Amino acid sequence: MDELSEQEQWERLKGWVRGNGPQVIILVALMLLGWYGWKWWQGQGEKKTLAAESTYQAILLNFDEEKDAAALALIETLRSDYPKSPYVPAADMIAARVFVDSNQLDKAVERLQRVATTALDEKLRPVARLRLARVQSAQGKYDVALATLGEKPPGAHESAWLEARGDILFAKNDRAGALKAYEEAAKLQSPGEDAGGDGGAAELLRLKIADLKGSAVAPPAMPEAPVKPVAPATKPAAPAAQPAAVKP
């Protein structure tokens with residue numbers, strides 16, 4: 001077949017555009033709309049993220065300045081305006097710590113329960129659960145605390161889970177159970193962890209184990225000073241007899 005002349009090619013193109021032009025225009029318009037919509041959504045998301053971060057920083061500042069009421073009010077604003085922001089559970093965790101420090105354990109429990117059950121960050125939930133169990137143990141609710149711990153979490157939290165379980169069992173006066181949990185926790189720690197023995201987590205765990213085993217090293221006893229023998233008491237010698245007086 002002979003090649004089409006330029007004029008014929010042009011006429012064929014115009015015919016194709018007349019037949020398919022509206023569909024092409026609609027398709028291009030939809031693609032542009034989708035692209036601009038995506039860019040707008042990204043922009044809105046970035047604005048919300050920055051606004052949530054700013055509110056979170058204000059919360060931390062108010063807590064640092066001991067303006068607890070203002071900080072707690074900002075947390076509720078953060079929760080209302082940005083319910084899906086990761087800053088919301090993070091703020092609740094900070095509030096729980098403040099409540100523990102002020103011995104308002106019921107309020108701390110409320111915050112930690114919310115994070116442990118509703119946080120979108122799956123990695124944050126086991127951390128909240130561990131802290132919740134410790135607070136419940138501080139309330140004397142040992143069985144509730146053990147139930148809160150539940151099944152052993154995987155990965156990095158397993159050692160902390162075992163130590164928390166040991167602490168609760170020790171508070172419950174189950175020394176054998178506590179020792180078992182501590183020893184299992186120690187096996188999961190890396191060999192070089194807290195090698196300096198400067199009072200870190202691993203060193204504290206070793207002290208707990210030593211205490212339960214009764215092998216804590218006591219300071220060396222000071223040698224007693226030698227006792228000098230005491231000479232037996234002797235009766236004083238009787239006074240010498242006086243010579244009899246000579247009568248004149």
# chains A, B, ... in the order shown; residues from 1 in each chain; ligands from 1

call {"tool": "residues_around", "arguments": {"residues": "stretch 138-150 of chain A", "least_positions_apart": "3", "cutoff": "8 Å", "atoms": "only C-alpha atoms", "output": "PDB file with N, CA and C atoms, in the first residue's frame"}}
result
ATOM      1  N   LEU A 105      -3.260   8.246  90.364  1.00  0.00           N
ATOM      2  CA  LEU A 105      -3.113   7.001  89.616  1.00  0.00           C
ATOM      3  C   LEU A 105      -4.352   6.655  88.799  1.00  0.00           C
ATOM      4  N   ARG A 129       0.612  -0.592  77.517  1.00  0.00           N
ATOM      5  CA  ARG A 129       0.114  -1.704  78.331  1.00  0.00           C
ATOM      6  C   ARG A 129       1.064  -2.009  79.482  1.00  0.00           C
ATOM      7  N   LEU A 130       2.352  -1.967  79.207  1.00  0.00           N
ATOM      8  CA  LEU A 130       3.342  -2.197  80.265  1.00  0.00           C
ATOM      9  C   LEU A 130       3.233  -1.141  81.357  1.00  0.00           C
ATOM     10  N   LEU A 132       0.658   0.730  82.017  1.00  0.00           N
ATOM     11  CA  LEU A 132      -0.637   0.572  82.679  1.00  0.00           C
ATOM     12  C   LEU A 132      -0.559  -0.505  83.749  1.00  0.00           C
ATOM     13  N   ALA A 133       0.073  -1.628  83.432  1.00  0.00           N
ATOM     14  CA  ALA A 133       0.193  -2.718  84.400  1.00  0.00           C
ATOM     15  C   ALA A 133       0.987  -2.273  85.619  1.00  0.00           C
ATOM     16  N   ARG A 134       2.017  -1.491  85.426  1.00  0.00           N
ATOM     17  CA  ARG A 134       2.823  -1.021  86.553  1.00  0.00           C
ATOM     18  C   ARG A 134       2.009  -0.071  87.445  1.00  0.00           C
ATOM     19  N   VAL A 135       1.198   0.773  86.820  1.00  0.00           N
ATOM     20  CA  VAL A 135       0.369   1.683  87.612  1.00  0.00           C
ATOM     21  C   VAL A 135      -0.675   0.897  88.401  1.00  0.00           C
ATOM     22  N   TRP A 161       8.619  -6.837  79.372  1.00  0.00           N
ATOM     23  CA  TRP A 161       7.382  -7.502  79.821  1.00  0.00           C
ATOM     24  C   TRP A 161       7.691  -8.468  80.964  1.00  0.00           C
ATOM     25  N   ARG A 165       6.479  -8.252  84.849  1.00  0.00           N
ATOM     26  CA  ARG A 165       5.778  -9.378  85.469  1.00  0.00           C
ATOM     27  C   ARG A 165       6.477  -9.776  86.787  1.00  0.00           C
ATOM     28  N   ILE A 168       5.634  -7.273  89.529  1.00  0.00           N
ATOM     29  CA  ILE A 168       4.271  -7.442  90.048  1.00  0.00           C
ATOM     30  C   ILE A 168       4.196  -8.678  90.947  1.00  0.00           C
ATOM     31  N   LEU A 169       4.819  -9.769  90.515  1.00  0.00           N
ATOM     32  CA  LEU A 169       4.814 -10.984  91.332  1.00  0.00           C
ATOM     33  C   LEU A 169       5.564 -10.762  92.648  1.00  0.00           C
ATOM     34  N   ALA A 171       5.786  -7.893  94.227  1.00  0.00           N
ATOM     35  CA  ALA A 171       4.888  -7.096  95.066  1.00  0.00           C
ATOM     36  C   ALA A 171       3.777  -7.957  95.647  1.00  0.00           C
ATOM     37  N   LYS A 172       3.432  -9.007  94.922  1.00  0.00           N
ATOM     38  CA  LYS A 172       2.387  -9.929  95.375  1.00  0.00           C
ATOM     39  C   LYS A 172       2.942 -10.969  96.341  1.00  0.00           C
TER      40      LYS A 172
END

call {"tool": "residues_around", "arguments": {"residues": "stretch 175-179 of chain A", "least_positions_apart": "4", "cutoff": "8 Å", "atoms": "only C-alpha atoms", "output": "PyMOL selection string"}}
result
chain A and resi 165-170+183+209+212-213

call {"tool": "closest_residue", "arguments": {"among": "A:Arg206, A:His157, A:Arg97, A:Lys48", "to": "A:Tyr82", "atoms": "only C-alpha atoms"}}
result
A:Lys48

call {"tool": "residues_around", "arguments": {"residues": "A:Arg131", "least_positions_apart": "6", "cutoff": "9 Å", "atoms": "only C-alpha atoms", "output": "MDAnalysis selection string"}}
result
chainID A and resid 109 112 164

call {"tool": "residues_around", "arguments": {"residues": "A:Pro89", "least_positions_apart": "2", "cutoff": "9 Å", "atoms": "only C-alpha atoms", "output": "NGL selection string"}}
result
:A and (79 or 85-87 or 91-94 or 111-112 or 114-115 or 118-121 or 124)

call {"tool": "atom_distance", "arguments": {"atom1": "atom CA of A:Ala71", "atom2": "atom CA of A:Ile59"}}
result
4.7 Å

call {"tool": "select_by_dssp", "arguments": {"residues": "stretch 36-86 of chain A", "states": "alpha helix (DSSP H)", "output": "count of residues only"}}
result
43

call {"tool": "atom_distance", "arguments": {"atom1": "atom CA of A:Leu50", "atom2": "atom CA of A:Val127"}}
result
25.4 Å
